[in-house]
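Shown below: coords-v3.cif, with mmCIF, C-alpha atoms.
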```
data_start
loop_
_atom_site.group_PDB
_atom_site.id
_atom_site.type_symbol
_atom_site.label_atom_id
_atom_site.label_comp_id
_atom_site.auth_asym_id
_atom_site.auth_seq_id
_atom_site.Cartn_x
_atom_site.Cartn_y
_atom_site.Cartn_z
ATOM 1 C CA MET A 1 -35.156 38.560 46.823
ATOM 2 C CA ALA A 2 -37.762 41.173 45.934
ATOM 3 C CA SER A 3 -36.998 44.816 46.533
ATOM 4 C CA PRO A 4 -38.508 46.274 49.693
ATOM 5 C CA PRO A 5 -41.618 48.396 49.347
ATOM 6 C CA SER A 6 -40.956 52.067 48.856
ATOM 7 C CA SER A 7 -42.176 52.812 52.373
ATOM 8 C CA VAL A 8 -39.433 50.649 53.874
ATOM 9 C CA SER A 9 -35.989 52.207 54.223
ATOM 10 C CA SER A 10 -33.080 49.897 53.368
ATOM 11 C CA GLU A 11 -30.689 51.971 55.510
ATOM 12 C CA ARG A 12 -31.423 54.951 57.713
ATOM 13 C CA HIS A 13 -29.145 57.737 58.864
ATOM 14 C CA THR A 14 -29.618 59.249 62.317
ATOM 15 C CA PRO A 15 -28.168 62.654 63.283
ATOM 16 C CA PHE A 16 -25.280 62.377 65.758
ATOM 17 C CA ALA A 17 -26.935 64.380 68.553
ATOM 18 C CA ILE A 18 -30.139 62.331 68.409
ATOM 19 C CA SER A 19 -28.297 58.995 68.464
ATOM 20 C CA LEU A 20 -26.186 60.306 71.357
ATOM 21 C CA LEU A 21 -29.220 61.302 73.448
ATOM 22 C CA ALA A 22 -31.294 58.225 72.567
ATOM 23 C CA GLY A 23 -28.364 55.906 73.298
ATOM 24 C CA GLY A 24 -27.680 57.526 76.665
ATOM 25 C CA LEU A 25 -31.307 57.310 77.750
ATOM 26 C CA ALA A 26 -31.580 53.698 76.576
ATOM 27 C CA GLY A 27 -28.366 52.728 78.382
ATOM 28 C CA THR A 28 -29.629 54.161 81.653
ATOM 29 C CA SER A 29 -32.971 52.391 81.263
ATOM 30 C CA VAL A 30 -31.491 48.939 80.777
ATOM 31 C CA ASP A 31 -28.808 49.323 83.465
ATOM 32 C CA LEU A 32 -31.334 50.244 86.131
ATOM 33 C CA ALA A 33 -33.911 47.649 85.070
ATOM 34 C CA LEU A 34 -31.634 44.607 84.811
ATOM 35 C CA PHE A 35 -28.781 45.258 87.212
ATOM 36 C CA PRO A 36 -29.618 42.365 89.622
ATOM 37 C CA ILE A 37 -29.231 39.789 86.825
ATOM 38 C CA ASP A 38 -25.854 41.266 85.907
ATOM 39 C CA THR A 39 -24.769 41.044 89.553
ATOM 40 C CA ILE A 40 -25.652 37.346 89.752
ATOM 41 C CA LYS A 41 -23.808 36.687 86.473
ATOM 42 C CA THR A 42 -20.688 38.446 87.760
ATOM 43 C CA ARG A 43 -20.758 36.526 91.057
ATOM 44 C CA LEU A 44 -21.106 33.216 89.223
ATOM 45 C CA GLN A 45 -17.984 34.084 87.187
ATOM 46 C CA SER A 46 -15.907 35.221 90.174
ATOM 47 C CA PRO A 47 -13.232 32.824 91.506
ATOM 48 C CA GLN A 48 -15.028 32.659 94.886
ATOM 49 C CA GLY A 49 -18.298 31.574 93.284
ATOM 50 C CA LEU A 50 -21.856 32.807 93.788
ATOM 51 C CA VAL A 51 -22.349 32.185 97.512
ATOM 52 C CA ALA A 52 -18.980 33.462 98.742
ATOM 53 C CA SER A 53 -19.322 36.571 96.571
ATOM 54 C CA GLY A 54 -22.602 37.538 98.191
ATOM 55 C CA GLY A 55 -25.191 35.112 96.849
ATOM 56 C CA PHE A 56 -28.475 36.863 96.188
ATOM 57 C CA ARG A 57 -27.887 39.573 98.792
ATOM 58 C CA GLY A 58 -27.166 43.167 97.851
ATOM 59 C CA VAL A 59 -27.810 42.622 94.148
ATOM 60 C CA TYR A 60 -27.914 46.398 93.585
ATOM 61 C CA ARG A 61 -24.364 46.955 94.878
ATOM 62 C CA GLY A 62 -22.557 49.016 92.245
ATOM 63 C CA VAL A 63 -25.705 50.258 90.544
ATOM 64 C CA LEU A 64 -24.590 53.895 90.848
ATOM 65 C CA ALA A 65 -21.348 53.089 89.062
ATOM 66 C CA ALA A 66 -23.280 51.263 86.336
ATOM 67 C CA ALA A 67 -25.748 54.107 85.913
ATOM 68 C CA GLY A 68 -22.954 56.669 85.872
ATOM 69 C CA GLY A 69 -21.070 54.871 83.104
ATOM 70 C CA GLY A 70 -23.914 53.178 81.247
ATOM 71 C CA ALA A 71 -25.455 56.333 79.842
ATOM 72 C CA PRO A 72 -22.270 57.913 78.421
ATOM 73 C CA GLY A 73 -21.007 54.510 77.214
ATOM 74 C CA ALA A 74 -24.221 53.747 75.318
ATOM 75 C CA ALA A 75 -24.399 57.332 74.052
ATOM 76 C CA LEU A 76 -20.830 57.151 72.769
ATOM 77 C CA PHE A 77 -21.498 53.807 71.080
ATOM 78 C CA PHE A 78 -24.645 54.857 69.241
ATOM 79 C CA GLY A 79 -23.287 58.293 68.394
ATOM 80 C CA THR A 80 -20.258 56.644 66.793
ATOM 81 C CA TYR A 81 -22.201 53.757 65.243
ATOM 82 C CA GLU A 82 -24.837 55.906 63.557
ATOM 83 C CA THR A 83 -22.196 58.393 62.392
ATOM 84 C CA MET A 84 -19.967 55.694 60.909
ATOM 85 C CA LYS A 85 -22.703 53.813 59.033
ATOM 86 C CA PRO A 86 -23.088 56.339 56.182
ATOM 87 C CA ILE A 87 -19.327 56.957 56.084
ATOM 88 C CA VAL A 88 -18.499 53.246 55.754
ATOM 89 C CA SER A 89 -21.405 52.660 53.361
ATOM 90 C CA ASN A 90 -20.294 55.500 51.077
ATOM 91 C CA TYR A 91 -16.700 54.260 51.141
ATOM 92 C CA ARG A 92 -17.780 50.770 50.135
ATOM 93 C CA ARG A 93 -19.975 52.193 47.363
ATOM 94 C CA ARG A 94 -17.129 54.298 45.985
ATOM 95 C CA SER A 95 -14.803 51.298 46.094
ATOM 96 C CA ASP A 96 -17.293 49.239 44.092
ATOM 97 C CA ASP A 97 -17.779 52.056 41.572
ATOM 98 C CA ASP A 98 -14.013 52.515 41.184
ATOM 99 C CA ASP A 99 -13.742 48.813 40.381
ATOM 100 C CA GLY A 100 -16.448 49.193 37.769
ATOM 101 C CA ALA A 101 -18.446 46.425 39.393
ATOM 102 C CA ASP A 102 -21.987 47.718 38.869
ATOM 103 C CA GLY A 103 -23.573 44.447 39.916
ATOM 104 C CA GLN A 104 -21.370 44.243 42.994
ATOM 105 C CA SER A 105 -22.200 47.861 43.858
ATOM 106 C CA SER A 106 -25.893 47.046 43.716
ATOM 107 C CA ARG A 107 -25.385 44.010 45.919
ATOM 108 C CA SER A 108 -23.329 45.992 48.460
ATOM 109 C CA ARG A 109 -26.125 48.519 48.810
ATOM 110 C CA SER A 110 -28.622 45.774 49.651
ATOM 111 C CA HIS A 111 -26.263 43.720 51.825
ATOM 112 C CA GLN A 112 -25.110 46.059 54.575
ATOM 113 C CA ALA A 113 -23.698 43.489 57.021
ATOM 114 C CA PRO A 114 -20.047 44.564 56.500
ATOM 115 C CA THR A 115 -21.060 48.193 57.053
ATOM 116 C CA HIS A 116 -22.781 47.299 60.320
ATOM 117 C CA MET A 117 -19.870 45.121 61.452
ATOM 118 C CA ILE A 118 -17.254 47.808 60.842
ATOM 119 C CA SER A 119 -19.378 50.625 62.299
ATOM 120 C CA ALA A 120 -20.297 48.605 65.392
ATOM 121 C CA SER A 121 -16.655 47.638 65.979
ATOM 122 C CA ILE A 122 -15.554 51.283 65.866
ATOM 123 C CA GLY A 123 -18.446 52.215 68.148
ATOM 124 C CA GLU A 124 -17.451 49.551 70.675
ATOM 125 C CA ALA A 125 -13.811 50.704 70.721
ATOM 126 C CA ALA A 126 -15.019 54.217 71.577
ATOM 127 C CA ALA A 127 -17.618 53.099 74.133
ATOM 128 C CA CYS A 128 -15.098 50.908 75.985
ATOM 129 C CA LEU A 129 -13.173 54.037 76.968
ATOM 130 C CA VAL A 130 -16.101 54.698 79.318
ATOM 131 C CA ARG A 131 -17.400 51.169 79.788
ATOM 132 C CA VAL A 132 -14.218 49.525 81.088
ATOM 133 C CA PRO A 133 -13.639 51.782 84.133
ATOM 134 C CA THR A 134 -17.332 51.437 84.935
ATOM 135 C CA GLU A 135 -17.156 47.635 84.712
ATOM 136 C CA VAL A 136 -14.020 47.469 86.870
ATOM 137 C CA ILE A 137 -15.669 49.423 89.689
ATOM 138 C CA LYS A 138 -19.012 47.651 89.271
ATOM 139 C CA SER A 139 -17.437 44.164 89.312
ATOM 140 C CA ARG A 140 -15.526 44.920 92.522
ATOM 141 C CA MET A 141 -18.672 46.132 94.257
ATOM 142 C CA GLN A 142 -20.833 43.269 92.984
ATOM 143 C CA THR A 143 -18.423 40.669 94.378
ATOM 144 C CA ASN A 144 -17.896 42.468 97.709
ATOM 145 C CA ALA A 145 -14.156 42.885 97.139
ATOM 146 C CA ALA A 146 -12.051 44.471 99.884
ATOM 147 C CA GLY A 147 -12.410 48.248 100.016
ATOM 148 C CA SER A 148 -15.548 48.287 97.848
ATOM 149 C CA SER A 149 -18.172 49.432 100.326
ATOM 150 C CA THR A 150 -18.954 52.593 98.315
ATOM 151 C CA VAL A 151 -18.295 53.877 94.802
ATOM 152 C CA ALA A 152 -15.794 56.411 96.170
ATOM 153 C CA SER A 153 -13.844 53.847 98.228
ATOM 154 C CA THR A 154 -13.798 51.405 95.305
ATOM 155 C CA LEU A 155 -12.514 54.096 92.969
ATOM 156 C CA ARG A 156 -9.751 55.015 95.426
ATOM 157 C CA SER A 157 -8.778 51.362 95.786
ATOM 158 C CA VAL A 158 -8.623 50.818 92.013
ATOM 159 C CA LEU A 159 -6.656 54.036 91.408
ATOM 160 C CA SER A 160 -4.108 53.025 94.070
ATOM 161 C CA GLU A 161 -3.091 49.870 92.181
ATOM 162 C CA ARG A 162 0.335 50.133 90.530
ATOM 163 C CA ASP A 163 1.098 46.676 89.154
ATOM 164 C CA GLY A 164 1.446 47.513 85.480
ATOM 165 C CA ARG A 165 -1.278 45.074 84.444
ATOM 166 C CA SER A 166 -3.488 47.726 82.885
ATOM 167 C CA PHE A 167 -3.145 50.664 80.525
ATOM 168 C CA GLY A 168 -1.710 53.785 82.186
ATOM 169 C CA SER A 169 -1.470 52.084 85.576
ATOM 170 C CA SER A 170 1.065 54.659 86.820
ATOM 171 C CA VAL A 171 -1.696 57.279 86.687
ATOM 172 C CA LEU A 172 -4.973 55.405 86.299
ATOM 173 C CA GLY A 173 -4.173 52.419 88.536
ATOM 174 C CA GLY A 174 -6.313 49.418 87.597
ATOM 175 C CA LEU A 175 -9.078 51.501 86.069
ATOM 176 C CA TYR A 176 -8.430 50.140 82.575
ATOM 177 C CA ARG A 177 -7.606 46.584 83.597
ATOM 178 C CA GLY A 178 -9.256 44.298 81.090
ATOM 179 C CA TYR A 179 -9.568 46.916 78.325
ATOM 180 C CA GLY A 180 -7.967 44.589 75.773
ATOM 181 C CA ILE A 181 -10.076 41.553 76.651
ATOM 182 C CA THR A 182 -13.196 43.745 76.841
ATOM 183 C CA LEU A 183 -12.546 44.836 73.253
ATOM 184 C CA MET A 184 -11.919 41.192 72.361
ATOM 185 C CA ARG A 185 -15.358 40.418 73.796
ATOM 186 C CA GLU A 186 -17.310 43.458 72.644
ATOM 187 C CA VAL A 187 -16.117 43.571 69.031
ATOM 188 C CA PRO A 188 -17.110 39.934 68.263
ATOM 189 C CA PHE A 189 -20.347 40.550 70.169
ATOM 190 C CA ALA A 190 -21.129 43.598 68.048
ATOM 191 C CA VAL A 191 -20.079 41.825 64.844
ATOM 192 C CA VAL A 192 -22.702 39.148 65.583
ATOM 193 C CA GLN A 193 -25.417 41.304 67.139
ATOM 194 C CA PHE A 194 -25.727 44.376 64.970
ATOM 195 C CA PRO A 195 -25.798 42.853 61.467
ATOM 196 C CA LEU A 196 -28.334 40.314 62.772
ATOM 197 C CA TYR A 197 -30.370 43.056 64.464
ATOM 198 C CA GLU A 198 -30.375 45.326 61.415
ATOM 199 C CA ARG A 199 -31.173 42.450 59.050
ATOM 200 C CA LEU A 200 -34.064 41.181 61.177
ATOM 201 C CA LYS A 201 -35.493 44.706 61.342
ATOM 202 C CA LEU A 202 -35.185 45.126 57.574
ATOM 203 C CA GLU A 203 -36.795 41.770 56.795
ATOM 204 C CA TRP A 204 -39.635 42.438 59.249
ATOM 205 C CA GLY A 205 -40.209 45.785 57.548
ATOM 206 C CA ARG A 206 -40.155 44.179 54.115
ATOM 207 C CA TYR A 207 -42.669 41.568 55.246
ATOM 208 C CA GLN A 208 -45.203 44.109 56.516
ATOM 209 C CA GLY A 209 -44.504 46.870 53.982
ATOM 210 C CA ARG A 210 -43.371 49.507 56.498
ATOM 211 C CA ASP A 211 -40.466 50.095 58.888
ATOM 212 C CA ALA A 212 -40.355 47.963 62.025
ATOM 213 C CA SER A 213 -41.975 49.561 65.073
ATOM 214 C CA PRO A 214 -40.002 50.150 68.291
ATOM 215 C CA ALA A 215 -41.587 47.011 69.815
ATOM 216 C CA GLN A 216 -40.639 44.943 66.766
ATOM 217 C CA ALA A 217 -37.111 46.382 66.805
ATOM 218 C CA ALA A 218 -36.931 45.449 70.496
ATOM 219 C CA ALA A 219 -37.784 41.827 69.662
ATOM 220 C CA CYS A 220 -35.085 41.802 66.961
ATOM 221 C CA GLY A 221 -32.557 43.231 69.409
ATOM 222 C CA SER A 222 -33.502 40.674 72.046
ATOM 223 C CA PHE A 223 -32.939 37.705 69.735
ATOM 224 C CA ALA A 224 -29.723 39.104 68.264
ATOM 225 C CA GLY A 225 -28.358 39.906 71.709
ATOM 226 C CA GLY A 226 -29.095 36.440 73.063
ATOM 227 C CA VAL A 227 -27.270 34.771 70.170
ATOM 228 C CA ALA A 228 -24.258 37.074 70.537
ATOM 229 C CA ALA A 229 -24.221 36.631 74.327
ATOM 230 C CA ALA A 230 -24.034 32.846 74.120
ATOM 231 C CA ILE A 231 -21.223 32.911 71.560
ATOM 232 C CA THR A 232 -19.070 35.393 73.503
ATOM 233 C CA THR A 233 -19.540 34.039 77.054
ATOM 234 C CA PRO A 234 -16.002 32.515 77.275
ATOM 235 C CA LEU A 235 -14.515 35.939 76.503
ATOM 236 C CA ASP A 236 -16.792 37.478 79.135
ATOM 237 C CA VAL A 237 -15.549 35.020 81.775
ATOM 238 C CA VAL A 238 -11.899 35.905 81.063
ATOM 239 C CA LYS A 239 -12.791 39.617 81.098
ATOM 240 C CA THR A 240 -14.500 39.327 84.482
ATOM 241 C CA ARG A 241 -11.529 37.509 86.033
ATOM 242 C CA LEU A 242 -9.035 40.091 84.726
ATOM 243 C CA MET A 243 -11.136 42.940 86.085
ATOM 244 C CA LEU A 244 -11.358 41.253 89.499
ATOM 245 C CA GLY A 245 -7.559 41.037 89.362
ATOM 246 C CA SER A 246 -6.713 37.724 91.044
ATOM 247 C CA ASP A 247 -7.827 34.129 91.468
ATOM 248 C CA GLY A 248 -9.510 32.522 94.456
ATOM 249 C CA ARG A 249 -6.178 32.280 96.331
ATOM 250 C CA GLY A 250 -5.434 35.954 95.764
ATOM 251 C CA VAL A 251 -2.728 35.337 93.126
ATOM 252 C CA PRO A 252 -2.853 38.146 90.538
ATOM 253 C CA TYR A 253 -3.462 37.307 86.889
ATOM 254 C CA ARG A 254 -0.618 38.305 84.566
ATOM 255 C CA GLY A 255 -2.686 38.915 81.449
ATOM 256 C CA VAL A 256 -5.152 37.256 79.083
ATOM 257 C CA VAL A 257 -3.046 34.183 78.351
ATOM 258 C CA ASP A 258 -2.265 33.548 82.017
ATOM 259 C CA ALA A 259 -5.897 34.010 83.062
ATOM 260 C CA THR A 260 -7.115 31.691 80.300
ATOM 261 C CA ARG A 261 -4.573 28.989 81.205
ATOM 262 C CA ARG A 262 -5.420 29.127 84.912
ATOM 263 C CA LEU A 263 -9.154 29.081 84.215
ATOM 264 C CA ALA A 264 -8.691 25.933 82.134
ATOM 265 C CA ASN A 265 -6.876 24.299 85.070
ATOM 266 C CA GLU A 266 -9.575 25.054 87.612
ATOM 267 C CA GLY A 267 -11.832 22.292 88.889
ATOM 268 C CA GLY A 268 -14.542 21.517 86.374
ATOM 269 C CA GLY A 269 -12.285 21.877 83.343
ATOM 270 C CA TYR A 270 -13.407 23.915 80.390
ATOM 271 C CA SER A 271 -16.961 24.253 81.713
ATOM 272 C CA VAL A 272 -15.663 27.244 83.683
ATOM 273 C CA PHE A 273 -15.613 29.181 80.410
ATOM 274 C CA VAL A 274 -19.402 29.070 80.220
ATOM 275 C CA SER A 275 -19.914 30.091 83.845
ATOM 276 C CA GLY A 276 -22.854 32.440 84.087
ATOM 277 C CA ILE A 277 -24.034 31.739 80.529
ATOM 278 C CA GLN A 278 -27.683 31.384 81.563
ATOM 279 C CA PRO A 279 -28.007 34.711 83.404
ATOM 280 C CA ARG A 280 -25.817 36.373 80.735
ATOM 281 C CA VAL A 281 -28.074 35.208 77.885
ATOM 282 C CA ILE A 282 -31.209 36.074 79.868
ATOM 283 C CA TRP A 283 -29.799 39.444 80.932
ATOM 284 C CA ILE A 284 -28.711 40.441 77.423
ATOM 285 C CA SER A 285 -31.841 39.047 75.737
ATOM 286 C CA VAL A 286 -34.160 40.900 78.099
ATOM 287 C CA GLY A 287 -31.741 43.818 78.137
ATOM 288 C CA GLY A 288 -31.693 43.837 74.336
ATOM 289 C CA PHE A 289 -35.473 44.084 74.300
ATOM 290 C CA VAL A 290 -35.461 46.966 76.785
ATOM 291 C CA PHE A 291 -32.400 48.654 75.258
ATOM 292 C CA PHE A 292 -33.360 48.559 71.590
ATOM 293 C CA GLY A 293 -37.011 49.231 72.343
ATOM 294 C CA ALA A 294 -36.033 52.251 74.419
ATOM 295 C CA TYR A 295 -33.473 53.402 71.845
ATOM 296 C CA GLU A 296 -35.926 53.204 68.942
ATOM 297 C CA SER A 297 -38.665 54.890 70.996
ATOM 298 C CA TYR A 298 -36.385 57.723 72.156
ATOM 299 C CA ARG A 299 -34.966 58.076 68.652
ATOM 300 C CA SER A 300 -38.435 58.286 67.056
ATOM 301 C CA PHE A 301 -39.573 60.807 69.647
ATOM 302 C CA LEU A 302 -36.481 62.984 69.263
ATOM 303 C CA MET A 303 -36.655 62.823 65.462
ATOM 304 C CA SER A 304 -40.305 63.903 65.514
ATOM 305 C CA CYS A 305 -39.551 66.781 67.898
ATOM 306 C CA SER A 306 -36.305 68.040 66.436
ATOM 307 C CA GLY A 307 -37.194 68.948 62.878
ATOM 308 C CA SER A 308 -33.957 70.160 61.352
ATOM 309 C CA TYR A 309 -32.421 71.264 64.665
ATOM 310 C CA PHE A 310 -30.015 68.337 64.966
ATOM 311 C CA SER A 311 -29.323 67.931 61.248
#
```
How would this structure read if it were set down as structure tokens?
Amino acid sequence: MASPPSSVSSERHTPFAISLLAGGLAGTSVDLALFPIDTIKTRLQSPQGLVASGGFRGVYRGVLAAAGGGAPGAALFFGTYETMKPIVSNYRRRSDDDDGADGQSSRSRSHQAPTHMISASIGEAAACLVRVPTEVIKSRMQTNAAGSSTVASTLRSVLSERDGRSFGSSVLGGLYRGYGITLMREVPFAVVQFPLYERLKLEWGRYQGRDASPAQAAACGSFAGGVAAAITTPLDVVKTRLMLGSDGRGVPYRGVVDATRRLANEGGGYSVFVSGIQPRVIWISVGGFVFFGAYESYRSFLMSCSGSYFS
């Protein structure tokens, strides 16, 4: 493959503060714009089903919780992701040089997929520290669970749970229920999405002889997100059930294995594992367009305004 034109960057490095601010603003934008689709997806995946969980009524229930956690979660992800990219890239380069593999070193500089996979995985682990409590509260409100009339009442209800099914339940209640399965969903999602997103952006830039515009990056993010969403839907279904806490008869789930086994035994067989796949793919595809377009636009604006302030 021919080398990219000199005006096209093969790998960019974004200052931590700029990626933090741009990520936070982008996260808020997509959460507010696409929340109703997320609500319908969550209700489709609930054990009660769409209609019993509220149907198409009150599709903005839980939006304050989403907005409150979306911005810091996205900020933490992009701050970590952009910070780790040069660190991981330099480590891989040094490893190639130490091995004396000049050809391999050259290839590793042009093929950055492992760098993006590792960096995105670390970013997701950090972001889930904020994202999981947000999702727990949001899921309860979206499905009209008992005691979820307001954000405050839902938070009190979740904090009062002491069943040992989530990390730190003696102090944090059920706030981190589903953290493990969320990581199991988000890391594979990121491993698919971000290398594909970065590669599509790079190839588009190579084709036109300049870096991809924010609108072009948004299209790349939309396609990459849709592919990753479809692949990881079964993990998302298990995650949703664990966060809701119990099945349709009110029997609590005892962990990932138990939830997966009971889902497989529900009416409809294994099709339950793709419940909500259509709204999930639509939501993440459209969300990817809004999110990455907003992120690239905010990033470009902040970079042009900051000079060396954030460096």
> With all atoms listed in the file as the basis for distance, which of A:Leu196, A:Gln48, A:Ala65, A:Val281 is at the shortest distance from Ser153 in chain A?
Replying inline: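 Checking each of A:Leu196, A:Gln48, A:Ala65, A:Val281 against Ser153 in chain A, counting all atoms listed in the file, the winner is A:Ala65.
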>> Between CA of Gly248 in chain A and CA of Pro36 in chain A, what is the distance in Å, rounded to a tenth?
In response: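 That distance, rounded to one decimal, is 22.9 Å.
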> Looking at all atoms listed in the file, which of A:Val286, A:Val158, A:Cys128, A:Ala120 is the one that sits closest to Ala229 in chain A?
Replying inline: A:Val286
Result set, the PyMOL selection byres ((chain A and resi 111-119) around 10) on current file, as a PDB file with C-alpha atoms, keeping the file's coordinate frame:
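Heads up, here's the output in expr-v4.pdb:
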```
ATOM      1  CA  SER A  10     -33.080  49.897  53.368  1.00  0.00           C
ATOM      2  CA  GLU A  11     -30.689  51.971  55.510  1.00  0.00           C
ATOM      3  CA  PHE A  77     -21.498  53.807  71.080  1.00  0.00           C
ATOM      4  CA  PHE A  78     -24.645  54.857  69.241  1.00  0.00           C
ATOM      5  CA  THR A  80     -20.258  56.644  66.793  1.00  0.00           C
ATOM      6  CA  TYR A  81     -22.201  53.757  65.243  1.00  0.00           C
ATOM      7  CA  GLU A  82     -24.837  55.906  63.557  1.00  0.00           C
ATOM      8  CA  THR A  83     -22.196  58.393  62.392  1.00  0.00           C
ATOM      9  CA  MET A  84     -19.967  55.694  60.909  1.00  0.00           C
ATOM     10  CA  LYS A  85     -22.703  53.813  59.033  1.00  0.00           C
ATOM     11  CA  PRO A  86     -23.088  56.339  56.182  1.00  0.00           C
ATOM     12  CA  ILE A  87     -19.327  56.957  56.084  1.00  0.00           C
ATOM     13  CA  VAL A  88     -18.499  53.246  55.754  1.00  0.00           C
ATOM     14  CA  SER A  89     -21.405  52.660  53.361  1.00  0.00           C
ATOM     15  CA  ASN A  90     -20.294  55.500  51.077  1.00  0.00           C
ATOM     16  CA  TYR A  91     -16.700  54.260  51.141  1.00  0.00           C
ATOM     17  CA  ARG A  92     -17.780  50.770  50.135  1.00  0.00           C
ATOM     18  CA  SER A 105     -22.200  47.861  43.858  1.00  0.00           C
ATOM     19  CA  SER A 106     -25.893  47.046  43.716  1.00  0.00           C
ATOM     20  CA  ARG A 107     -25.385  44.010  45.919  1.00  0.00           C
ATOM     21  CA  SER A 108     -23.329  45.992  48.460  1.00  0.00           C
ATOM     22  CA  ARG A 109     -26.125  48.519  48.810  1.00  0.00           C
ATOM     23  CA  SER A 110     -28.622  45.774  49.651  1.00  0.00           C
ATOM     24  CA  ALA A 120     -20.297  48.605  65.392  1.00  0.00           C
ATOM     25  CA  SER A 121     -16.655  47.638  65.979  1.00  0.00           C
ATOM     26  CA  ILE A 122     -15.554  51.283  65.866  1.00  0.00           C
ATOM     27  CA  GLY A 123     -18.446  52.215  68.148  1.00  0.00           C
ATOM     28  CA  GLU A 124     -17.451  49.551  70.675  1.00  0.00           C
ATOM     29  CA  VAL A 187     -16.117  43.571  69.031  1.00  0.00           C
ATOM     30  CA  PRO A 188     -17.110  39.934  68.263  1.00  0.00           C
ATOM     31  CA  PHE A 189     -20.347  40.550  70.169  1.00  0.00           C
ATOM     32  CA  ALA A 190     -21.129  43.598  68.048  1.00  0.00           C
ATOM     33  CA  VAL A 191     -20.079  41.825  64.844  1.00  0.00           C
ATOM     34  CA  VAL A 192     -22.702  39.148  65.583  1.00  0.00           C
ATOM     35  CA  GLN A 193     -25.417  41.304  67.139  1.00  0.00           C
ATOM     36  CA  PHE A 194     -25.727  44.376  64.970  1.00  0.00           C
ATOM     37  CA  PRO A 195     -25.798  42.853  61.467  1.00  0.00           C
ATOM     38  CA  LEU A 196     -28.334  40.314  62.772  1.00  0.00           C
ATOM     39  CA  TYR A 197     -30.370  43.056  64.464  1.00  0.00           C
ATOM     40  CA  GLU A 198     -30.375  45.326  61.415  1.00  0.00           C
ATOM     41  CA  ARG A 199     -31.173  42.450  59.050  1.00  0.00           C
TER      42      ARG A 199
END
```
> Counting only C-alpha atoms, which of A:Pro47, A:Phe291, A:Leu20, A:Asn144 gets nearest to Glu266 in chain A?
Replying inline: A:Pro47
> Expanded to explicit residues, what is the PyMOL selection byres ((chain A and resi 218) around 10) for this file, as an NGL selection string?
Replying inline: :A and (197 or 201 or 212-217 or 219-224 or 285-297)
